[in-house]
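Below: one structure, written as structure tokens.
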Amino acid sequence: MIKAHQISYKHKDFYILDGVDVSLEYGEFLAIVGPNGAGKSSLLSVLANEIKNKQKVLFKDKPISEWNVQELSKHKAKFSQHNSNDIPLDVKDVVMMGRYPYFDAQPGKEDTEAADGMMNETDIFHLKEREYNTLSGGEKQRVHLSRVMAQLQNDIAHKLVFLDEPLNNLDIKHQYKALEIIKNFTQKANSAIVVLHDLNLAAQFADKILLMKSGKVSVYGTPQEVFTAENISHAYNFPCTICGHPITNNPMIIFG
Amino acid sequence: MRTQSKLYFYLTISTVLLVIIAVLALNTGVYDFGGNSPFKVLWQYIKGEPGISLSDKYVIWDVRAARIIMAILIGSMLSVSGTSLQGLFKNPLATGDLIGLTSGATLLAAIAIVLGGHFKQYLPEAVQFSLVGISAFIGSFLSMMLVYRISTSGGKTNVVMMLLTGVAITAIGFSITGFLIYISKDEQLRDLTFWNLGSLAAATWTKNIILAIVLIISYIILLPKGKALNAMMLGEKDAQHLGINVERLKKQIIITVALMVGSCVAFSGTIGFVGLIVPYILRLLFKSNYTFILPLSALYGSILLLTADTFSRSIVEPSELPIGILTALMGGPIFIAILVKFKKSL
């Protein structure tokens with residue numbers, strides 16, 4: 001799906017990313033976790049072709065910078081951490097932006113269906129006629145989640161979605177709903193790379209975990225391999241205990 | 001109603017409105033056609049019937065009809081250039097006149113008028129004839145580049161910087177034009193005054209054909225950009241993720257806007273505020289949805305300028321008011337309204 005070898009990215013003399021390797025298979029849900037300033041968002045930006053980088057990121061065996069921008073938008077989408085607060089449009093118009101790669105002047109039937117479907121899944125269908133600027137922070141997040149996921153509703157096999165802290169401002173129910181939408185997406189042989197802060201949610205939903213510290217990969221592997229008391233205490237510099245989740249038996253992290 | 005049919009509905013209504021205003025404008029004026037209605041005279045002229053007096057023909061075809069068409073073309077282009085800039089820079093105050101494009105164009109046009117005589121003979125013939133027009137385009141293009149360079153860093157455009165750069169360019173333009181007025185001859189002086197005040201009185205069919213060509217080329221590029229301008233509201237990176245080539249979009253808009261503003265200034269001087277008024281009113285009705293306001297601004301720009309021009313030549317008959325007075329009278333309060341509304345975000 002996507003392969004990146006020895007990514008380095010520096011601002012002046014300071015290395016934000018230092019020799020990071022990433023490789024993702026079809027159908028995988030990869031969670032990037034780590035303390036503040038570990039380089040999680042920068043890594044996502046490099047992988048998503050936002051930062052023009054000398055290193056090659058291979059997306060479907062072709063350097064991502066050589067993809068046609070329009071074509072690429074049907075294969076991958078990105079949910080950004082900082083979404084614009086000022087978009088003087090109705091909610092339905094913002095979600096419809098996700099379908100822009102698919103129509104010229106006016107949306108077709110499948111575009112309206114994709115947008116409406118995603119608005120239903122994220123629970124914002126009842127807000128579709130409201131002006132975006134009047135929504136709360138969590139509702140705005142859900143609007144963008146709908147937009148990003150609607151962008152990838154097509155017949156192309158093996159799509160990839162990048163999400164940078166998609167759970168910010170969401171209440172518990174919508175955090176789970178958002179992760180279920182992403183999980184559903186990856187179960188159809190698509191892949192997702194998600195920056196998460198909640199380690200327990202990451203343990204529960206992700207197939208692979210990339211734990212970062214100071215611009216480097218600290219540990220990479222399955223949740224069982226990565227989430228050990230030693231790894232986490234080392235990365236976050238904070239004591240923790242690990243026990244089994246009573247129902248799923250995934251690792252459960254208790255801090256303090 | 002579905003979005004598509006809604007847009008066509010508004011476009012149709014607006015076209016009908018424009019035609020009605022054009023008919024009224026054709027009927028307005030001091031010239032007496034010897035008891036005949038102006039429409040009859042125009043119809044006779046178009047059919048090529050003999051027996052129309054030369055002065056009737058001149059007034060209806062070369063004066064009134066030419067001027068009406070010019071008002072439609074110029075109004076439309078000024079308005080679309082404002083809407084496109086506002087979409088690109090995500091701010092309702094970005095218009096050709098406020099960020100100094102018009103001043104830049106006027107300045108180079110003034111230099112061409114006064115000093116053109118000295119170097120005209122060294123230029124190819126085609127350039128000689130359109131020297132003022134080409135200079136105006138170069139002027140608006142250079143101002144655009146200057147404004148963009150000064151106000152943009154790291155992909156973000158600072159609107160206050162844009163407007164202040166516009167103020168600076170206008171000040172430079174004002175002082176150099178003032179100097180040129182001082183050293184110019186009588187006939188050039190008349191040309192310069194015309195440029196500074198802005199007027200559609202010098203309309204001819206040749207100019208209209210050139211303007212129409214510029215308009216068609218620019219609109220083929222710009223009018224399908226409604227989606228892209230909407231996506232720009234998400235920010236440049238997210239627009240790119242939606243498959244929009246942001247760098248190409250910027251270049252296309254900057255060059256076509258410079259071309260449109262330059263040609264408008266070359267033929268009608270500085271007519272301000274059209275690019276501010278029209279999008280402002282359309283935004284009240286359609287929010288900032290550029291798939292609506294971009295095509296509609298093309299029509300409402302024409303409606304606004306044609307109405308203003310018809311008023312300007314009829315309220316103080318037989319003389320006429322400079323049209324800039326009327327557009328500024330509407331534009332000034334709207335400028336203030338936008339400032340008040342965006343007080344916090346500027």
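We label chains A, B, ... in the order they appear in the structure tokens, count residues from 1 in each chain, and number ligands from 1 in the order shown.
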Within 10 Å of chain A, which residues of chain B come that close, and what is the closest atom pair and distance in Å for each? Count only C-alpha atoms and give it as a tab-separated table.
residue	atom	partner	partner_atom	distance
B:Arg2	CA	A:Gln106	CA	9.8
B:Thr3	CA	A:Gln106	CA	7.6
B:Gln4	CA	A:Gln106	CA	6.2
B:Ser5	CA	A:Gln106	CA	9.8
B:Leu7	CA	A:Gln106	CA	9.9
B:Lys90	CA	A:Ile87	CA	9.6
B:Pro224	CA	A:Ala105	CA	7.3
B:Lys225	CA	A:Ala105	CA	9.4
B:Gly226	CA	A:Ala105	CA	8.5
B:Lys227	CA	A:Tyr100	CA	6.9
B:Ala228	CA	A:Tyr100	CA	8.4
B:Asn230	CA	A:Met97	CA	7.8
B:Ala231	CA	A:Met97	CA	6.5
B:Met232	CA	A:Ile87	CA	9.8
B:Met233	CA	A:Ile87	CA	6.0
B:Leu234	CA	A:Ser84	CA	5.7
B:Gly235	CA	A:Ser84	CA	7.0
B:Glu236	CA	A:Glu50	CA	9.9
B:Lys237	CA	A:Glu50	CA	6.6
B:Asp238	CA	A:Lys78	CA	7.4
B:Ala239	CA	A:Met97	CA	9.2
B:Gln240	CA	A:Val69	CA	7.3
B:His241	CA	A:Ser73	CA	5.8
B:Leu242	CA	A:Ser73	CA	5.5
B:Gly243	CA	A:Gln70	CA	4.0
B:Ile244	CA	A:Gln70	CA	6.5
B:Asn245	CA	A:Val69	CA	6.6
B:Val246	CA	A:Val69	CA	9.9
B:Arg283	CA	A:Pro88	CA	9.2
B:Phe286	CA	A:Leu89	CA	8.5
B:Lys287	CA	A:Leu89	CA	5.9
B:Ser288	CA	A:Pro88	CA	5.6
B:Asn289	CA	A:Leu89	CA	6.4
B:Tyr290	CA	A:Leu89	CA	9.9
B:Thr291	CA	A:Ala105	CA	8.0
B:Ser345	CA	A:Asp86	CA	9.6
Export of prior selection with C-alpha atoms as an mmCIF file, in the first residue's frame:
data_model
loop_
_atom_site.group_PDB
_atom_site.id
_atom_site.type_symbol
_atom_site.label_atom_id
_atom_site.label_comp_id
_atom_site.auth_asym_id
_atom_site.auth_seq_id
_atom_site.Cartn_x
_atom_site.Cartn_y
_atom_site.Cartn_z
ATOM 1 C CA ARG B 2 -32.295 20.728 -7.014
ATOM 2 C CA THR B 3 -29.102 22.756 -6.950
ATOM 3 C CA GLN B 4 -28.583 22.561 -10.666
ATOM 4 C CA SER B 5 -32.029 23.752 -11.696
ATOM 5 C CA LEU B 7 -28.675 27.881 -10.518
ATOM 6 C CA LYS B 90 -10.510 33.870 1.218
ATOM 7 C CA PRO B 224 -15.575 26.426 -13.971
ATOM 8 C CA LYS B 225 -13.472 27.215 -10.871
ATOM 9 C CA GLY B 226 -16.424 27.446 -8.456
ATOM 10 C CA LYS B 227 -15.695 24.073 -6.839
ATOM 11 C CA ALA B 228 -11.995 24.804 -6.532
ATOM 12 C CA ASN B 230 -15.065 26.448 -2.403
ATOM 13 C CA ALA B 231 -12.406 23.853 -1.595
ATOM 14 C CA MET B 232 -9.889 26.634 -0.911
ATOM 15 C CA MET B 233 -11.985 27.529 2.146
ATOM 16 C CA LEU B 234 -10.712 24.301 3.734
ATOM 17 C CA GLY B 235 -7.149 25.542 3.347
ATOM 18 C CA GLU B 236 -4.629 24.932 0.597
ATOM 19 C CA LYS B 237 -3.479 21.515 1.810
ATOM 20 C CA ASP B 238 -6.967 20.108 2.103
ATOM 21 C CA ALA B 239 -7.894 21.560 -1.283
ATOM 22 C CA GLN B 240 -4.933 19.653 -2.686
ATOM 23 C CA HIS B 241 -6.219 16.440 -1.085
ATOM 24 C CA LEU B 242 -9.476 17.008 -2.963
ATOM 25 C CA GLY B 243 -7.563 16.787 -6.211
ATOM 26 C CA ILE B 244 -7.153 20.504 -6.861
ATOM 27 C CA ASN B 245 -3.860 21.687 -8.245
ATOM 28 C CA VAL B 246 -3.557 24.729 -5.994
ATOM 29 C CA ARG B 283 -23.061 36.424 -0.575
ATOM 30 C CA PHE B 286 -26.036 32.356 -1.415
ATOM 31 C CA LYS B 287 -23.490 32.393 1.437
ATOM 32 C CA SER B 288 -20.025 31.931 -0.045
ATOM 33 C CA ASN B 289 -20.937 29.130 -2.414
ATOM 34 C CA TYR B 290 -18.756 29.982 -5.412
ATOM 35 C CA THR B 291 -20.505 27.519 -7.709
ATOM 36 C CA SER B 345 -11.075 38.265 11.935
#
(request) Mind giving me the straight-line distance from CA of Gly116 (chain B) to CA of Gln188 (chain B) in Å, one decimal? (result) 10.7 Å
(message) Based on the backbone DSSP call, show me all residues of region 199-248 of chain B assigned helix (DSSP H, G or I), as a VMD selection string.
(response) chain B and resid 205 to 232 236 to 241 246 to 248
(message) Residues of region 36-183 of chain B classed as strand (DSSP E) by DSSP on the backbone are to be reported as a list in words.
(response)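 Matching residues for strand (DSSP E) in region 36-183 of chain B are Thr152, Ser153, Lys156 and Thr157 of chain B.
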(request) Quick one: everything within 10 Å of region 43-48 of chain B, counting only C-alpha atoms, minus sequence neighbours fewer than 5 positions away in the same chain. Send it as a VMD selection string. (result) chain B and resid 38 56 to 57 60 to 61
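Counting only C-alpha atoms, Tyr300 (chain B) has the following residues at most 8 Å away, ignoring those fewer than 5 positions along the same chain: Ser14, Ser76, Ser79 and Val278 of chain B.
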(request) For each of B:Lys250, B:Ala71, B:Gly178, B:Arg64, take the minimum atom-to-atom distance to Tyr148 (chain B), counting only C-alpha atoms, then give the residue where this is smallest. (result) B:Lys250
